[in-house]
>>> print(open('start-v6.pdb').read())   # PDB, C-alpha atoms, pLDDT in the B column
ATOM      1  CA  MET A1251      16.940 -23.821 -20.498  1.00 30.00           C
ATOM      2  CA  SER A1252      17.092 -26.702 -18.062  1.00 34.00           C
ATOM      3  CA  GLU A1253      15.963 -26.423 -14.466  1.00 37.00           C
ATOM      4  CA  SER A1254      19.579 -26.839 -13.294  1.00 35.00           C
ATOM      5  CA  GLN A1255      20.604 -23.848 -15.407  1.00 37.00           C
ATOM      6  CA  VAL A1256      17.777 -21.789 -13.953  1.00 38.00           C
ATOM      7  CA  THR A1257      18.928 -22.674 -10.463  1.00 40.00           C
ATOM      8  CA  ASN A1258      22.614 -22.008 -11.141  1.00 48.00           C
ATOM      9  CA  GLU A1259      22.423 -18.917 -13.335  1.00 71.00           C
ATOM     10  CA  VAL A1260      19.126 -17.258 -12.479  1.00 91.00           C
ATOM     11  CA  ALA A1261      17.417 -16.486  -9.196  1.00 96.00           C
ATOM     12  CA  ARG A1262      14.689 -19.119  -9.162  1.00 97.00           C
ATOM     13  CA  ILE A1263      11.714 -17.934  -7.138  1.00 98.00           C
ATOM     14  CA  ASP A1264       8.793 -20.227  -6.359  1.00 98.00           C
ATOM     15  CA  VAL A1265       5.822 -18.393  -4.883  1.00 98.00           C
ATOM     16  CA  VAL A1266       3.109 -20.451  -3.212  1.00 98.00           C
ATOM     17  CA  SER A1267      -0.067 -18.370  -3.313  1.00 98.00           C
ATOM     18  CA  ASP A1268      -3.777 -18.213  -4.060  1.00 98.00           C
ATOM     19  CA  VAL A1269      -5.527 -15.915  -6.522  1.00 98.00           C
ATOM     20  CA  VAL A1270      -8.129 -14.825  -3.951  1.00 98.00           C
ATOM     21  CA  CYS A1271      -5.520 -13.896  -1.343  1.00 98.00           C
ATOM     22  CA  PRO A1272      -5.149 -10.104  -1.051  1.00 98.00           C
ATOM     23  CA  TRP A1273      -1.845 -10.498   0.785  1.00 98.00           C
ATOM     24  CA  CYS A1274      -0.597 -12.482  -2.201  1.00 98.00           C
ATOM     25  CA  PHE A1275      -1.391  -9.522  -4.467  1.00 98.00           C
ATOM     26  CA  VAL A1276       0.542  -7.221  -2.123  1.00 98.00           C
ATOM     27  CA  GLY A1277       3.319  -9.822  -1.982  1.00 98.00           C
ATOM     28  CA  LYS A1278       3.502  -9.944  -5.777  1.00 98.00           C
ATOM     29  CA  ARG A1279       3.991  -6.184  -5.939  1.00 98.00           C
ATOM     30  CA  ARG A1280       6.634  -6.294  -3.217  1.00 98.00           C
ATOM     31  CA  LEU A1281       8.490  -9.051  -5.040  1.00 98.00           C
ATOM     32  CA  GLU A1282       8.468  -6.892  -8.167  1.00 98.00           C
ATOM     33  CA  GLN A1283       9.849  -4.015  -6.108  1.00 98.00           C
ATOM     34  CA  ALA A1284      12.564  -6.285  -4.710  1.00 98.00           C
ATOM     35  CA  LEU A1285      13.642  -7.324  -8.189  1.00 98.00           C
ATOM     36  CA  ALA A1286      13.634  -3.678  -9.305  1.00 98.00           C
ATOM     37  CA  LEU A1287      16.137  -2.955  -6.524  1.00 97.00           C
ATOM     38  CA  ALA A1288      18.535  -5.463  -8.090  1.00 94.00           C
ATOM     39  CA  PRO A1289      18.361  -5.144 -11.883  1.00 93.00           C
ATOM     40  CA  ASP A1290      21.602  -7.139 -12.045  1.00 91.00           C
ATOM     41  CA  VAL A1291      19.798 -10.232 -10.736  1.00 93.00           C
ATOM     42  CA  PRO A1292      17.822 -12.075 -13.434  1.00 95.00           C
ATOM     43  CA  ALA A1293      14.929 -14.029 -11.986  1.00 97.00           C
ATOM     44  CA  SER A1294      12.630 -16.822 -13.062  1.00 97.00           C
ATOM     45  CA  ILE A1295       9.339 -16.884 -11.145  1.00 98.00           C
ATOM     46  CA  PHE A1296       7.068 -19.911 -10.761  1.00 98.00           C
ATOM     47  CA  TRP A1297       3.598 -19.417  -9.275  1.00 98.00           C
ATOM     48  CA  ARG A1298       2.658 -22.456  -7.199  1.00 98.00           C
ATOM     49  CA  PRO A1299      -0.927 -23.300  -6.196  1.00 98.00           C
ATOM     50  CA  PHE A1300      -2.543 -23.006  -2.805  1.00 98.00           C
ATOM     51  CA  GLN A1301      -6.182 -22.807  -1.780  1.00 98.00           C
ATOM     52  CA  LEU A1302      -7.227 -20.698   1.167  1.00 97.00           C
ATOM     53  CA  ASP A1303     -10.495 -22.618   1.200  1.00 96.00           C
ATOM     54  CA  GLY A1304     -10.770 -25.716  -0.946  1.00 96.00           C
ATOM     55  CA  THR A1305     -14.201 -26.499   0.528  1.00 96.00           C
ATOM     56  CA  ILE A1306     -15.910 -23.785  -1.523  1.00 97.00           C
ATOM     57  CA  PRO A1307     -18.049 -25.564  -4.138  1.00 97.00           C
ATOM     58  CA  ARG A1308     -17.504 -25.206  -7.859  1.00 94.00           C
ATOM     59  CA  GLY A1309     -19.589 -22.213  -8.840  1.00 95.00           C
ATOM     60  CA  GLY A1310     -18.607 -20.365  -5.678  1.00 98.00           C
ATOM     61  CA  ILE A1311     -20.704 -18.905  -2.890  1.00 98.00           C
ATOM     62  CA  PRO A1312     -21.960 -15.356  -2.207  1.00 97.00           C
ATOM     63  CA  ARG A1313     -19.084 -13.234  -0.920  1.00 96.00           C
ATOM     64  CA  GLU A1314     -20.971 -11.838   2.059  1.00 93.00           C
ATOM     65  CA  GLU A1315     -21.960 -15.317   3.179  1.00 93.00           C
ATOM     66  CA  TYR A1316     -18.345 -16.467   2.907  1.00 94.00           C
ATOM     67  CA  LEU A1317     -16.941 -13.504   4.857  1.00 93.00           C
ATOM     68  CA  ASN A1318     -19.528 -13.789   7.617  1.00 91.00           C
ATOM     69  CA  ARG A1319     -18.786 -17.490   7.950  1.00 90.00           C
ATOM     70  CA  LYS A1320     -15.003 -17.127   7.937  1.00 89.00           C
ATOM     71  CA  PHE A1321     -14.342 -13.816   9.693  1.00 87.00           C
ATOM     72  CA  GLY A1322     -17.514 -12.134  10.836  1.00 81.00           C
ATOM     73  CA  PRO A1323     -18.542  -8.790   9.291  1.00 69.00           C
ATOM     74  CA  ASN A1324     -16.631  -6.490  11.648  1.00 80.00           C
ATOM     75  CA  ARG A1325     -13.327  -8.296  11.293  1.00 87.00           C
ATOM     76  CA  ALA A1326     -13.656  -8.352   7.514  1.00 86.00           C
ATOM     77  CA  ARG A1327     -14.199  -4.570   7.408  1.00 85.00           C
ATOM     78  CA  ASP A1328     -11.152  -3.959   9.590  1.00 88.00           C
ATOM     79  CA  MET A1329      -9.040  -6.277   7.448  1.00 90.00           C
ATOM     80  CA  TYR A1330     -10.163  -4.547   4.267  1.00 93.00           C
ATOM     81  CA  ALA A1331      -9.303  -1.110   5.639  1.00 93.00           C
ATOM     82  CA  ARG A1332      -5.759  -2.201   6.403  1.00 94.00           C
ATOM     83  CA  LEU A1333      -5.346  -3.865   3.012  1.00 97.00           C
ATOM     84  CA  GLU A1334      -6.690  -0.839   1.151  1.00 97.00           C
ATOM     85  CA  LYS A1335      -4.003   1.269   2.801  1.00 96.00           C
ATOM     86  CA  LEU A1336      -1.296  -1.254   1.907  1.00 97.00           C
ATOM     87  CA  GLY A1337      -2.699  -1.437  -1.599  1.00 98.00           C
ATOM     88  CA  GLU A1338      -2.277   2.293  -2.034  1.00 98.00           C
ATOM     89  CA  GLU A1339       1.387   1.944  -1.050  1.00 97.00           C
ATOM     90  CA  VAL A1340       2.089  -0.644  -3.762  1.00 98.00           C
ATOM     91  CA  GLY A1341      -0.250   0.585  -6.479  1.00 98.00           C
ATOM     92  CA  ILE A1342      -3.208  -1.769  -6.014  1.00 98.00           C
ATOM     93  CA  PRO A1343      -6.623  -0.025  -5.958  1.00 98.00           C
ATOM     94  CA  PHE A1344      -8.422  -2.776  -4.060  1.00 98.00           C
ATOM     95  CA  ALA A1345     -12.183  -2.667  -4.714  1.00 98.00           C
ATOM     96  CA  PHE A1346     -13.459  -5.227  -2.236  1.00 97.00           C
ATOM     97  CA  GLU A1347     -16.992  -3.838  -2.490  1.00 96.00           C
ATOM     98  CA  LYS A1348     -17.216  -5.083  -6.086  1.00 98.00           C
ATOM     99  CA  ILE A1349     -16.643  -8.723  -5.182  1.00 98.00           C
ATOM    100  CA  ARG A1350     -19.905 -10.677  -5.226  1.00 98.00           C
ATOM    101  CA  ILE A1351     -18.718 -14.283  -5.453  1.00 98.00           C
ATOM    102  CA  SER A1352     -16.044 -16.185  -3.513  1.00 98.00           C
ATOM    103  CA  PRO A1353     -14.916 -18.792  -6.033  1.00 98.00           C
ATOM    104  CA  ASN A1354     -13.271 -22.156  -5.748  1.00 98.00           C
ATOM    105  CA  THR A1355      -9.816 -21.435  -7.210  1.00 98.00           C
ATOM    106  CA  LEU A1356      -8.841 -24.916  -8.400  1.00 98.00           C
ATOM    107  CA  ASP A1357      -9.653 -24.138 -12.040  1.00 98.00           C
ATOM    108  CA  ALA A1358      -7.738 -20.855 -11.900  1.00 99.00           C
ATOM    109  CA  HIS A1359      -4.702 -22.788 -10.690  1.00 98.00           C
ATOM    110  CA  ARG A1360      -5.135 -25.265 -13.522  1.00 98.00           C
ATOM    111  CA  LEU A1361      -5.046 -22.347 -15.962  1.00 99.00           C
ATOM    112  CA  LEU A1362      -1.894 -21.017 -14.312  1.00 99.00           C
ATOM    113  CA  ARG A1363      -0.285 -24.426 -14.728  1.00 98.00           C
ATOM    114  CA  TRP A1364      -1.065 -24.430 -18.450  1.00 98.00           C
ATOM    115  CA  ALA A1365       0.154 -20.841 -18.811  1.00 98.00           C
ATOM    116  CA  GLN A1366       3.500 -21.811 -17.337  1.00 98.00           C
ATOM    117  CA  ALA A1367       4.043 -24.140 -20.281  1.00 97.00           C
ATOM    118  CA  VAL A1368       3.784 -21.242 -22.748  1.00 98.00           C
ATOM    119  CA  GLY A1369       5.696 -18.714 -20.652  1.00 98.00           C
ATOM    120  CA  THR A1370       2.783 -16.468 -19.677  1.00 98.00           C
ATOM    121  CA  GLN A1371       2.166 -17.598 -16.120  1.00 98.00           C
ATOM    122  CA  SER A1372       3.068 -14.271 -14.486  1.00 98.00           C
ATOM    123  CA  ALA A1373       0.813 -12.380 -16.888  1.00 98.00           C
ATOM    124  CA  VAL A1374      -2.083 -14.733 -16.151  1.00 99.00           C
ATOM    125  CA  LYS A1375      -1.453 -14.422 -12.414  1.00 98.00           C
ATOM    126  CA  GLU A1376      -1.566 -10.638 -12.664  1.00 98.00           C
ATOM    127  CA  ARG A1377      -4.750 -10.717 -14.714  1.00 99.00           C
ATOM    128  CA  LEU A1378      -6.573 -13.054 -12.356  1.00 99.00           C
ATOM    129  CA  LEU A1379      -5.645 -10.967  -9.312  1.00 99.00           C
ATOM    130  CA  THR A1380      -6.755  -7.806 -11.107  1.00 98.00           C
ATOM    131  CA  LEU A1381     -10.028  -9.334 -12.245  1.00 99.00           C
ATOM    132  CA  PHE A1382     -10.900 -10.454  -8.735  1.00 98.00           C
ATOM    133  CA  PHE A1383      -9.650  -7.660  -6.500  1.00 98.00           C
ATOM    134  CA  ILE A1384     -10.046  -4.613  -8.747  1.00 98.00           C
ATOM    135  CA  GLU A1385     -12.837  -5.557 -11.154  1.00 98.00           C
ATOM    136  CA  GLY A1386     -14.804  -7.875  -8.857  1.00 98.00           C
ATOM    137  CA  GLU A1387     -15.151 -10.666 -11.418  1.00 98.00           C
ATOM    138  CA  ASP A1388     -15.869 -14.331 -10.698  1.00 98.00           C
ATOM    139  CA  ILE A1389     -12.536 -15.994 -11.505  1.00 98.00           C
ATOM    140  CA  GLY A1390     -14.068 -19.427 -11.141  1.00 98.00           C
ATOM    141  CA  ASP A1391     -16.148 -18.847 -14.277  1.00 98.00           C
ATOM    142  CA  HIS A1392     -14.946 -21.025 -17.148  1.00 98.00           C
ATOM    143  CA  ASP A1393     -15.752 -18.501 -19.865  1.00 98.00           C
ATOM    144  CA  LEU A1394     -13.719 -15.854 -18.094  1.00 98.00           C
ATOM    145  CA  LEU A1395     -10.808 -18.251 -17.554  1.00 99.00           C
ATOM    146  CA  ALA A1396     -10.906 -19.220 -21.227  1.00 98.00           C
ATOM    147  CA  ASP A1397     -10.783 -15.541 -22.155  1.00 98.00           C
ATOM    148  CA  VAL A1398      -7.749 -14.985 -19.933  1.00 99.00           C
ATOM    149  CA  GLY A1399      -6.017 -17.982 -21.437  1.00 98.00           C
ATOM    150  CA  ALA A1400      -6.739 -16.823 -24.985  1.00 98.00           C
ATOM    151  CA  GLN A1401      -5.339 -13.390 -24.165  1.00 98.00           C
ATOM    152  CA  ASN A1402      -2.123 -14.970 -22.910  1.00 98.00           C
ATOM    153  CA  GLY A1403      -0.887 -17.416 -25.495  1.00 98.00           C
ATOM    154  CA  LEU A1404      -3.279 -20.338 -25.052  1.00 98.00           C
ATOM    155  CA  GLU A1405      -5.877 -21.516 -27.552  1.00 98.00           C
ATOM    156  CA  ARG A1406      -9.332 -20.721 -26.237  1.00 98.00           C
ATOM    157  CA  ALA A1407     -10.880 -23.918 -27.557  1.00 98.00           C
ATOM    158  CA  VAL A1408      -8.190 -25.979 -25.859  1.00 98.00           C
ATOM    159  CA  VAL A1409      -8.665 -24.191 -22.535  1.00 98.00           C
ATOM    160  CA  GLU A1410     -12.429 -24.687 -22.768  1.00 98.00           C
ATOM    161  CA  ARG A1411     -11.985 -28.400 -23.409  1.00 98.00           C
ATOM    162  CA  LEU A1412      -9.491 -28.837 -20.576  1.00 98.00           C
ATOM    163  CA  LEU A1413     -11.644 -26.927 -18.101  1.00 98.00           C
ATOM    164  CA  ALA A1414     -14.671 -29.033 -19.030  1.00 98.00           C
ATOM    165  CA  GLY A1415     -12.751 -32.135 -17.944  1.00 98.00           C
ATOM    166  CA  ASN A1416     -10.487 -32.873 -15.008  1.00 98.00           C
ATOM    167  CA  SER A1417      -7.126 -32.354 -16.706  1.00 97.00           C
ATOM    168  CA  ASP A1418      -4.361 -31.583 -14.173  1.00 98.00           C
ATOM    169  CA  GLU A1419      -6.742 -31.474 -11.216  1.00 98.00           C
ATOM    170  CA  GLU A1420      -4.837 -34.176  -9.350  1.00 98.00           C
ATOM    171  CA  GLU A1421      -1.499 -32.571 -10.169  1.00 98.00           C
ATOM    172  CA  VAL A1422      -2.635 -29.238  -8.745  1.00 98.00           C
ATOM    173  CA  ARG A1423      -4.082 -30.904  -5.654  1.00 98.00           C
ATOM    174  CA  GLU A1424      -0.819 -32.777  -5.132  1.00 98.00           C
ATOM    175  CA  GLU A1425       1.204 -29.568  -5.367  1.00 98.00           C
ATOM    176  CA  ILE A1426      -1.030 -28.028  -2.704  1.00 98.00           C
ATOM    177  CA  ALA A1427      -0.664 -31.119  -0.527  1.00 98.00           C
ATOM    178  CA  THR A1428       3.105 -31.019  -0.956  1.00 97.00           C
ATOM    179  CA  ALA A1429       3.182 -27.401   0.222  1.00 97.00           C
ATOM    180  CA  GLN A1430       1.133 -28.351   3.264  1.00 97.00           C
ATOM    181  CA  ARG A1431       3.459 -31.254   4.038  1.00 97.00           C
ATOM    182  CA  MET A1432       6.330 -28.772   3.928  1.00 96.00           C
ATOM    183  CA  GLY A1433       4.572 -26.856   6.687  1.00 96.00           C
ATOM    184  CA  ILE A1434       3.197 -24.078   4.496  1.00 97.00           C
ATOM    185  CA  ASN A1435      -0.166 -23.117   5.954  1.00 94.00           C
ATOM    186  CA  GLY A1436      -0.247 -19.453   5.007  1.00 96.00           C
ATOM    187  CA  VAL A1437       0.480 -17.558   1.826  1.00 98.00           C
ATOM    188  CA  PRO A1438       2.288 -15.975   0.138  1.00 98.00           C
ATOM    189  CA  PHE A1439       5.282 -18.190   0.794  1.00 98.00           C
ATOM    190  CA  TYR A1440       8.497 -17.677  -1.158  1.00 98.00           C
ATOM    191  CA  ILE A1441      11.147 -20.291  -1.880  1.00 98.00           C
ATOM    192  CA  PHE A1442      14.426 -18.950  -3.267  1.00 98.00           C
ATOM    193  CA  ASN A1443      16.484 -21.393  -5.354  1.00 96.00           C
ATOM    194  CA  ASN A1444      14.973 -24.310  -3.398  1.00 95.00           C
ATOM    195  CA  ARG A1445      17.136 -23.283  -0.425  1.00 94.00           C
ATOM    196  CA  VAL A1446      15.706 -20.307   1.470  1.00 96.00           C
ATOM    197  CA  GLY A1447      12.093 -19.680   2.442  1.00 97.00           C
ATOM    198  CA  ALA A1448      10.185 -16.560   3.476  1.00 97.00           C
ATOM    199  CA  SER A1449       6.616 -16.395   4.707  1.00 98.00           C
ATOM    200  CA  GLY A1450       4.224 -13.511   4.233  1.00 98.00           C
ATOM    201  CA  ALA A1451       4.156 -10.340   2.123  1.00 98.00           C
ATOM    202  CA  GLN A1452       7.558  -9.226   3.365  1.00 98.00           C
ATOM    203  CA  PRO A1453       9.047  -5.800   2.532  1.00 98.00           C
ATOM    204  CA  PRO A1454      11.040  -5.647  -0.703  1.00 98.00           C
ATOM    205  CA  GLU A1455      14.353  -5.392   1.139  1.00 98.00           C
ATOM    206  CA  VAL A1456      13.645  -8.605   3.032  1.00 98.00           C
ATOM    207  CA  LEU A1457      12.672 -10.417  -0.147  1.00 98.00           C
ATOM    208  CA  LEU A1458      15.803  -9.208  -1.904  1.00 97.00           C
ATOM    209  CA  GLN A1459      17.890 -10.520   0.973  1.00 97.00           C
ATOM    210  CA  GLY A1460      16.177 -13.886   0.578  1.00 97.00           C
ATOM    211  CA  ILE A1461      16.864 -13.876  -3.158  1.00 97.00           C
ATOM    212  CA  ARG A1462      20.555 -13.204  -2.618  1.00 95.00           C
ATOM    213  CA  GLN A1463      20.797 -15.784   0.167  1.00 96.00           C
ATOM    214  CA  GLY A1464      19.150 -18.343  -2.046  1.00 95.00           C
ATOM    215  CA  MET A1465      21.755 -17.771  -4.752  1.00 92.00           C
ATOM    216  CA  THR A1466      24.683 -18.153  -2.368  1.00 90.00           C
ATOM    217  CA  ALA A1467      23.456 -20.698   0.196  1.00 76.00           C
ATOM    218  CA  GLU A1468      24.657 -24.282   0.142  1.00 64.00           C
ATOM    219  CA  ALA A1469      22.229 -26.613  -1.569  1.00 54.00           C
TER     220      ALA A1469
END
>>> encode(input="start-v6.pdb", output="structure tokens")
Amino acid sequence: MSESQVTNEVARIDVVSDVVCPWCFVGKRRLEQALALAPDVPASIFWRPFQLDGTIPRGGIPREEYLNRKFGPNRARDMYARLEKLGEEVGIPFAFEKIRISPNTLDAHRLLRWAQAVGTQSAVKERLLTLFFIEGEDIGDHDLLADVGAQNGLERAVVERLLAGNSDEEEVREEIATAQRMGINGVPFYIFNNRVGASGAQPPEVLLQGIRQGMTAEA
């Protein structure tokens, strides 16, 4: 199916997000709820890269160090309490206490790019979010990323080889830069049929309104 057909016949939804963004996990669930409210609306979802902190080195840094540097311990605890409550509402059992490493997410976004080519991008996105926020795994680890790829339609040996090099690094960085040039400085950010945008983990009803507006708005 060509991109023009997707735009004309299917609700195309581009979601700019990061795999270490808890609001993006909530936003994913709310998007799923929005689509469940309108089973008559077929949708094609594309997960676009963004990095909350691209300065984190490859290999990551200790989670506590990262949180203290970025938020301070008290603010982080308050933020987690709110997110845990929201998680309960959308079926996400956040386990922030399990997270030991804050990773650089560039390689995870590379994997998502490759998964898009074989039609498993949403499944990989879900798995990475689950691994990080529920299981506390280091999603910057190449062995783990290769496992996820192999479980979702990619050849493990190929993923290992690509991760060992710099394949698609510049393309992912350019996508992130493009989002920033568009004025996107917070995620999740939704773009419906390249016409209507919505920022933040909006309620399902708001997202559904955006989907319908995107399908009817002038290009």
>>> resolve_selection(input="start-v6.pdb", expression="the PyMOL selection byres ((chain A and resi 1268) around 7)", output="ChimeraX atom specification")
/A:1267,1269-1271,1274,1299-1302
>>> closest_residue(input="start-v6.pdb", among="A:Gly1304, A:Pro1343, A:Gly1390, A:Gly1460", to="Ala1427 (chain A)", atoms="all atoms listed in the file")
A:Gly1304
>>> resolve_selection(input="start-v6.pdb", expression="the PyMOL selection byres ((chain A and resi 1453) around 9)", output="count of residues only")
12
>>> resolve_selection(input="start-v6.pdb", expression="the PyMOL selection byres ((chain A and resi 1357) around 9)", output="mmCIF file with C-alpha atoms, in the frame of the given file")
data_model
loop_
_atom_site.group_PDB
_atom_site.id
_atom_site.type_symbol
_atom_site.label_atom_id
_atom_site.label_comp_id
_atom_site.auth_asym_id
_atom_site.auth_seq_id
_atom_site.Cartn_x
_atom_site.Cartn_y
_atom_site.Cartn_z
ATOM 1 C CA ARG A 1308 -17.504 -25.206 -7.859
ATOM 2 C CA ASN A 1354 -13.271 -22.156 -5.748
ATOM 3 C CA THR A 1355 -9.816 -21.435 -7.210
ATOM 4 C CA LEU A 1356 -8.841 -24.916 -8.400
ATOM 5 C CA ALA A 1358 -7.738 -20.855 -11.900
ATOM 6 C CA HIS A 1359 -4.702 -22.788 -10.690
ATOM 7 C CA ARG A 1360 -5.135 -25.265 -13.522
ATOM 8 C CA LEU A 1361 -5.046 -22.347 -15.962
ATOM 9 C CA LEU A 1362 -1.894 -21.017 -14.312
ATOM 10 C CA ILE A 1389 -12.536 -15.994 -11.505
ATOM 11 C CA GLY A 1390 -14.068 -19.427 -11.141
ATOM 12 C CA ASP A 1391 -16.148 -18.847 -14.277
ATOM 13 C CA HIS A 1392 -14.946 -21.025 -17.148
ATOM 14 C CA LEU A 1395 -10.808 -18.251 -17.554
ATOM 15 C CA LEU A 1413 -11.644 -26.927 -18.101
ATOM 16 C CA GLU A 1419 -6.742 -31.474 -11.216
#
>>> atom_distance(input="start-v6.pdb", atom1="CA of Pro1289 (chain A)", atom2="CA of Gln1401 (chain A)")
27.9 Å
>>> axis_aligned_box(input="start-v6.pdb", around="region 1288-1303 of chain A", padding_each_side="3 Å", output="lines of an AutoDock Vina configuration file")
center_x = 5.6
center_y = -14.2
center_z = -6.1
size_x = 38.1
size_y = 24.2
size_z = 20.6
>>> closest_atom_pairs(input="start-v6.pdb", of="region 1379-1450 of chain A", to="region 1312-1317 of chain A", cutoff="12 Å", atoms="all atoms listed in the file", output="CSV")
residue,atom,partner,partner_atom,distance
A:Phe1382,CA,A:Arg1313,CA,11.7
A:Gly1386,CA,A:Arg1313,CA,10.5
A:Glu1387,CA,A:Arg1313,CA,11.5
A:Asp1388,CA,A:Arg1313,CA,10.4
>>> closest_residue(input="start-v6.pdb", among="A:Ile1295, A:Arg1431, A:Ile1306, A:Val1398", to="Leu1379 (chain A)", atoms="only C-alpha atoms")
A:Val1398
>>> closest_residue(input="start-v6.pdb", among="A:Val1276, A:Val1260, A:Ile1311, A:Leu1336", to="Pro1292 (chain A)", atoms="all atoms listed in the file")
A:Val1260
>>> atom_distance(input="start-v6.pdb", atom1="CA of Ala1293 (chain A)", atom2="CA of Ala1448 (chain A)")
16.4 Å
>>> decode(input="start-v6.pdb", residues="region 1377-1414 of chain A", atoms="C-alpha atoms", output="PDB file, in the first residue's frame")
ATOM      1  CA  ARG A1377       8.034  -4.581  24.292  1.00  0.00           C
ATOM      2  CA  LEU A1378      10.639  -1.892  24.865  1.00  0.00           C
ATOM      3  CA  LEU A1379       8.285   0.149  27.051  1.00  0.00           C
ATOM      4  CA  THR A1380       7.380  -2.966  29.032  1.00  0.00           C
ATOM      5  CA  LEU A1381      10.994  -4.011  29.466  1.00  0.00           C
ATOM      6  CA  PHE A1382      11.977  -0.604  30.795  1.00  0.00           C
ATOM      7  CA  PHE A1383       9.023   0.492  32.901  1.00  0.00           C
ATOM      8  CA  ILE A1384       7.686  -2.836  34.178  1.00  0.00           C
ATOM      9  CA  GLU A1385      10.704  -5.152  34.153  1.00  0.00           C
ATOM     10  CA  GLY A1386      13.415  -2.554  34.799  1.00  0.00           C
ATOM     11  CA  GLU A1387      15.703  -3.759  32.010  1.00  0.00           C
ATOM     12  CA  ASP A1388      18.458  -1.762  30.311  1.00  0.00           C
ATOM     13  CA  ILE A1389      16.997  -1.128  26.848  1.00  0.00           C
ATOM     14  CA  GLY A1390      20.278   0.293  25.633  1.00  0.00           C
ATOM     15  CA  ASP A1391      21.878  -3.153  25.878  1.00  0.00           C
ATOM     16  CA  HIS A1392      22.618  -4.575  22.433  1.00  0.00           C
ATOM     17  CA  ASP A1393      21.976  -8.187  23.398  1.00  0.00           C
ATOM     18  CA  LEU A1394      18.558  -7.287  24.733  1.00  0.00           C
ATOM     19  CA  LEU A1395      17.730  -5.240  21.630  1.00  0.00           C
ATOM     20  CA  ALA A1396      18.815  -8.131  19.415  1.00  0.00           C
ATOM     21  CA  ASP A1397      16.536 -10.439  21.388  1.00  0.00           C
ATOM     22  CA  VAL A1398      13.592  -8.079  20.927  1.00  0.00           C
ATOM     23  CA  GLY A1399      14.278  -7.842  17.223  1.00  0.00           C
ATOM     24  CA  ALA A1400      14.511 -11.619  16.859  1.00  0.00           C
ATOM     25  CA  GLN A1401      11.201 -12.014  18.677  1.00  0.00           C
ATOM     26  CA  ASN A1402       9.549  -9.604  16.252  1.00  0.00           C
ATOM     27  CA  GLY A1403      10.398 -10.654  12.735  1.00  0.00           C
ATOM     28  CA  LEU A1404      14.019  -9.544  12.411  1.00  0.00           C
ATOM     29  CA  GLU A1405      17.044 -11.808  12.073  1.00  0.00           C
ATOM     30  CA  ARG A1406      19.083 -11.658  15.254  1.00  0.00           C
ATOM     31  CA  ALA A1407      22.418 -11.835  13.461  1.00  0.00           C
ATOM     32  CA  VAL A1408      21.424  -8.939  11.226  1.00  0.00           C
ATOM     33  CA  VAL A1409      20.312  -6.808  14.176  1.00  0.00           C
ATOM     34  CA  GLU A1410      23.565  -7.569  15.994  1.00  0.00           C
ATOM     35  CA  ARG A1411      25.600  -6.530  12.965  1.00  0.00           C
ATOM     36  CA  LEU A1412      23.624  -3.328  12.435  1.00  0.00           C
ATOM     37  CA  LEU A1413      23.831  -2.341  16.094  1.00  0.00           C
ATOM     38  CA  ALA A1414      27.591  -2.914  16.089  1.00  0.00           C
TER      39      ALA A1414
END
